[in-house]
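Here the structure comes first, spelled out in structure tokens, and everything after it is commentary.
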Amino acid sequence: MAEKIILLPGDGIGPEVTEQARLVLEKAGAKAGLSFEFEEELIGGCSIDAHGTPLREEVIEKCRGSRSVLLGAVGGPKWDDMPVDVRPEKGLLAIRKALGLFANLRPAQVMPALVNASALRPEIVEGVDMLVVRELTGGIYFGEPRGRSGEKGNRSAVNAMVYDEHEVARITRVAFEQARLRRHHVTHVHKANVLDVSQLWMEVVDEVAKEYPDVELAHQLVDSCAMLLVQEPKRFDVIVTGNLFGDILSDEAAMITGSLGMLPSASLAEGGFGLFEPVHGSAPDIAGKDLANPLAAIQSAAMLLETAFGAKEAAGAIRKAVTDVLDAGHRSGDLILPGESRETVGCKRMGELVLEALA
Ligand code: NAD
């Protein structure tokens with residue numbers, strides 16, 4: 001029976017990269033004995049244009065009735081002046097909340113062929129392979145009380161960082177399960193020297209760690225973690241942390257790789273349901289020109305196969321195909337370094353090259 005996947009290509013380069021990811025998913029899935037039924041829906045600016053809202057309830061319902069969601073990107077200058085509540089990005093927050101996507105997984109891996117793309121020295125980044133597991137539906141972005149009060153001269157604002165132990169325990173388990181698939185090491189990032197919330201995290205992470213005696217655990221203050229990430233990024237395997245620290249550190253980890261167009265992500269709900277999307281935005285500057293790098297979206301498809309269907313070999317085959325294409329010297333515009341003279345490969349062609357390498 002065909003497995004239902006909802007495609008939400010979104011805005012800008014979203015549709016271009018999602019199409020290549022779909023083709024690769026279909027081919028790699030077929031090799032693993034999986035067949036997919038795709039249904040495309042609107043999210044973000046295109047949904048505002050068509051329906052006046054960035055995300056409709058019926059789209060959420062379709063997602064709930066599917067095995068997984070593959071998303072492109074949302075947003076663009078056309079919608080930048082709209083009220084915050086109906087901006088394209090609101091669609092992303094709404095879908096995360098509606099689907100209970102509490103665990104955000106962001107791998108940051110430096111591929112040998114792209115070691116010079118990083119702003120850091122090659123000997124520092126060579127071999128970097130880490131995964132940031134960020135809690136996505138709690139913490140300071142959602143905590144109450146929140147808001148502003150007072151008039152000019154007497155203004156104040158408040159946001160509250162709130163976590164309960166259930167939220168901490170479930171994200172910690174995701175991190176430990178991921179570590180078991182990798183190098184068996186988890187770093188919990190916190191600010192327990194000043195925050196009560198972090199002290200709760202320390203206690204709960206330690207308790208959950210007892211269920212995973214085969215995985216090593218370290219606790220790291222968020223400020224020193226930010227420094228270590230650029231000084232010695234290779235020391236990290238899995239990082240687990242709350243929403244705010246994870247937001248910042250996952251972007252820092254991403255930049256170590258130096259290539260936004262390469263980075264996939266997964267956002268998971270309890271029970272394994274997930275939404276998979278590239279880390280990059282809608283890149284309006286290159287949209288519709290066949291210039292986008294589809295490899296982040298394609299690697300998001302690999303995460304989908306692995307996480308939602310347990311199809312590890314098929315996911316590995318996609319990653320190997322991507323590596324082979326890069327090793328053969330093919331580069332989209334974003335991967336060409338200043339001063340390098342190479343032919344630029346377009347979005348479609350890059351997708352074709354991966355499909356050929358998969359065969
Ligand atoms: P961006 O990621 O869209 O682009 C940053 C730069 O990287 C641009 O120069 C772009 O051309 C380049 N780039 C990004 N992805 C690329 C790819 N796959 N191939 C080649 N080059 C690529 O970030 P931005 O410019 O800050 O934001 C543009 C729009 O995207 C905004 O509306 C923003 O709100 C939205 N956005 C959406 C998401 C999302 O949907 N998850 C994430 C970030 C930003």
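Naming works like this for the structure tokens: A, B, ... for the chains as they're shown, residue 1 at the start of each chain, ligands 1 onward in shown order.
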
Can you check which residues of segment 129-238 of chain A DSSP gives as strand (DSSP E or B) on the backbone and send them as a list in words? Asp129, Met130, Leu131, Val132, Val133, Arg134, Glu135, Gly147, Arg148, Ser149, Ser156, Ala157, Val158, His185, Val186, Thr187, His188, Val189, His190, Glu216, Leu217, Ala218, His219, Gln220, Leu221 and Val238 of chain A

Skip segment 30-41 of chain A itself and residues of its chain fewer than 4 positions away, then list as a VMD selection string all residues within 10 Å of it, counting only C-alpha atoms. chain A and resid 1 to 10 22 24 to 26 46 to 47 55 to 56 58 to 60 62 to 63 66 to 67 69 to 71 305 309 311 to 315 317 358 to 359

Shell of 9 Å around Lys97 of chain A, only C-alpha atoms, local chain residues under 5 positions omitted, as a ChimeraX atom specification: /A:92,102,136-137

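Proximity ranking of A:Leu105, A:Leu200, A:Ala160, A:Ala218 relative to Met130 of chain A places A:Leu105 first, based on only C-alpha atoms.
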
Give as a ChimeraX atom specification the residues surrounding ligand 1 up to a distance of 10 Å, considering only C-alpha atoms and all ligand atoms. /A:9-14,16-17,43-45,71-80,87-93,259-263,265,277-287,290-297,332-335,346-347

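One finds atom CA of Phe276 of chain A at 14.2 Å from atom CA of Arg64 of chain A.
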
What's around segment 107-116 of chain A at 6 Å? Count only C-alpha atoms, leave out sequence neighbours fewer than 6 positions away in its own chain, and write the answer as a list in words.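 Using only C-alpha atoms, the neighbours found are Pro122, Val128, Asp129, Met130, Leu131, Ala254, Thr257 and Asp327 of chain A.
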
Quick one: residues within 12 Å of segment 176-185 of chain A, only C-alpha atoms, excluding same-chain residues fewer than 5 positions away - as JSON, numbers by chain? {"A": [103, 104, 105, 106, 107, 129, 130, 131, 132, 133, 169, 170, 171, 205, 206, 208, 209, 210, 211, 212, 213, 214, 215, 216, 217, 218, 219, 234, 235, 236, 237, 238, 239, 240, 306, 307, 310, 312]}

Closest to Phe273 of chain A among A:Gly65, A:Gly147, A:Gly288, A:Gly139, using only C-alpha atoms?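 Counting only C-alpha atoms, the residue closest to Phe273 of chain A is A:Gly65.
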
Quick one: residues within 7 Å of Val86 of chain A, only C-alpha atoms counted, chain neighbours fewer than 4 positions away excluded, as a list in words?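 That gives Thr53, Pro54, Met82 and Lys90 of chain A.
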
Do a neighbour search on Leu244 of chain A at 9 Å with only C-alpha atoms, toss out local chain neighbours closer than 6 positions, and write the hits as a list in words.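 Close residues of Leu244 of chain A: Arg134, Glu135, Leu136, Gly139, Ile140, Tyr141 and Met161 of chain A.
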
Write the residues of the selection above to a file with all heavy atoms, as a PDB file, in the first residue's frame.
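out.pdb, freshly written:
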```pdb
ATOM      1  N   ARG A 134      16.839  20.029  19.530  1.00  0.00           N
ATOM      2  CA  ARG A 134      16.278  21.217  20.187  1.00  0.00           C
ATOM      3  C   ARG A 134      14.820  20.982  20.567  1.00  0.00           C
ATOM      4  O   ARG A 134      14.031  20.526  19.734  1.00  0.00           O
ATOM      5  CB  ARG A 134      16.374  22.392  19.192  1.00  0.00           C
ATOM      6  CG  ARG A 134      15.544  23.598  19.556  1.00  0.00           C
ATOM      7  CD  ARG A 134      15.558  24.611  18.408  1.00  0.00           C
ATOM      8  NE  ARG A 134      14.590  25.671  18.612  1.00  0.00           N
ATOM      9  CZ  ARG A 134      14.195  26.512  17.665  1.00  0.00           C
ATOM     10  NH1 ARG A 134      14.694  26.431  16.438  1.00  0.00           N
ATOM     11  NH2 ARG A 134      13.302  27.436  17.936  1.00  0.00           N
ATOM     12  N   GLU A 135      14.465  21.328  21.790  1.00  0.00           N
ATOM     13  CA  GLU A 135      13.061  21.265  22.206  1.00  0.00           C
ATOM     14  C   GLU A 135      12.332  22.392  21.472  1.00  0.00           C
ATOM     15  O   GLU A 135      12.796  23.520  21.442  1.00  0.00           O
ATOM     16  CB  GLU A 135      12.975  21.445  23.731  1.00  0.00           C
ATOM     17  CG  GLU A 135      11.703  20.892  24.351  1.00  0.00           C
ATOM     18  CD  GLU A 135      10.447  21.663  23.997  1.00  0.00           C
ATOM     19  OE1 GLU A 135      10.543  22.897  23.847  1.00  0.00           O
ATOM     20  OE2 GLU A 135       9.391  21.052  23.862  1.00  0.00           O
ATOM     21  N   LEU A 136      11.199  22.084  20.854  1.00  0.00           N
ATOM     22  CA  LEU A 136      10.635  23.045  19.912  1.00  0.00           C
ATOM     23  C   LEU A 136       9.285  23.642  20.306  1.00  0.00           C
ATOM     24  O   LEU A 136       8.857  24.622  19.696  1.00  0.00           O
ATOM     25  CB  LEU A 136      10.492  22.344  18.548  1.00  0.00           C
ATOM     26  CG  LEU A 136      10.404  23.191  17.292  1.00  0.00           C
ATOM     27  CD1 LEU A 136      11.644  24.052  17.118  1.00  0.00           C
ATOM     28  CD2 LEU A 136      10.225  22.306  16.052  1.00  0.00           C
ATOM     29  N   GLY A 139       9.365  26.191  26.558  1.00  0.00           N
ATOM     30  CA  GLY A 139      10.380  27.190  26.899  1.00  0.00           C
ATOM     31  C   GLY A 139       9.914  28.611  26.698  1.00  0.00           C
ATOM     32  O   GLY A 139       8.716  28.917  26.648  1.00  0.00           O
ATOM     33  N   ILE A 140      10.868  29.499  26.547  1.00  0.00           N
ATOM     34  CA  ILE A 140      10.593  30.938  26.600  1.00  0.00           C
ATOM     35  C   ILE A 140       9.756  31.446  25.415  1.00  0.00           C
ATOM     36  O   ILE A 140       9.095  32.474  25.507  1.00  0.00           O
ATOM     37  CB  ILE A 140      11.919  31.719  26.724  1.00  0.00           C
ATOM     38  CG1 ILE A 140      11.666  33.149  27.217  1.00  0.00           C
ATOM     39  CG2 ILE A 140      12.711  31.699  25.430  1.00  0.00           C
ATOM     40  CD1 ILE A 140      12.906  33.827  27.765  1.00  0.00           C
ATOM     41  N   TYR A 141       9.741  30.712  24.306  1.00  0.00           N
ATOM     42  CA  TYR A 141       8.950  31.173  23.159  1.00  0.00           C
ATOM     43  C   TYR A 141       7.447  31.002  23.385  1.00  0.00           C
ATOM     44  O   TYR A 141       6.629  31.566  22.675  1.00  0.00           O
ATOM     45  CB  TYR A 141       9.361  30.441  21.872  1.00  0.00           C
ATOM     46  CG  TYR A 141      10.780  30.741  21.429  1.00  0.00           C
ATOM     47  CD1 TYR A 141      11.382  30.018  20.422  1.00  0.00           C
ATOM     48  CD2 TYR A 141      11.522  31.760  22.026  1.00  0.00           C
ATOM     49  CE1 TYR A 141      12.686  30.302  20.020  1.00  0.00           C
ATOM     50  CE2 TYR A 141      12.813  32.035  21.642  1.00  0.00           C
ATOM     51  CZ  TYR A 141      13.395  31.300  20.642  1.00  0.00           C
ATOM     52  OH  TYR A 141      14.684  31.572  20.260  1.00  0.00           O
ATOM     53  N   MET A 161      10.516  31.529  30.841  1.00  0.00           N
ATOM     54  CA  MET A 161      11.034  30.239  30.393  1.00  0.00           C
ATOM     55  C   MET A 161      10.438  29.169  31.300  1.00  0.00           C
ATOM     56  O   MET A 161      10.783  29.080  32.473  1.00  0.00           O
ATOM     57  CB  MET A 161      12.556  30.222  30.476  1.00  0.00           C
ATOM     58  CG  MET A 161      13.165  29.002  29.824  1.00  0.00           C
ATOM     59  SD  MET A 161      14.947  28.895  30.047  1.00  0.00           S
ATOM     60  CE  MET A 161      15.556  29.905  28.736  1.00  0.00           C
TER      61      MET A 161
END
```

Nearest to Phe245 of chain A by atom-to-atom distance, counting only C-alpha atoms, from A:Asp324, A:Asp223, A:Glu340, A:Asp49: A:Asp223

Of the listed residues A:Val230, A:Ser300, A:Glu144, A:Glu57, that which approaches Ala94 of chain A most closely, counting only C-alpha atoms: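 Nearest to Ala94 of chain A: A:Glu57.
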
Just list as a count of residues only whatever in segment 2-195 of chain A DSSP marks as helix (DSSP H, G or I). 79

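Atom CA of Lys320 of chain A lies 27.7 Å from atom CA of Gly339 of chain A.
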
Rounded to one decimal in Å, what is the spacing between atom CA of Ser250 of chain A and atom CA of Arg146 of chain A?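 Separating atom CA of Ser250 of chain A from atom CA of Arg146 of chain A is a distance of 24.6 Å.
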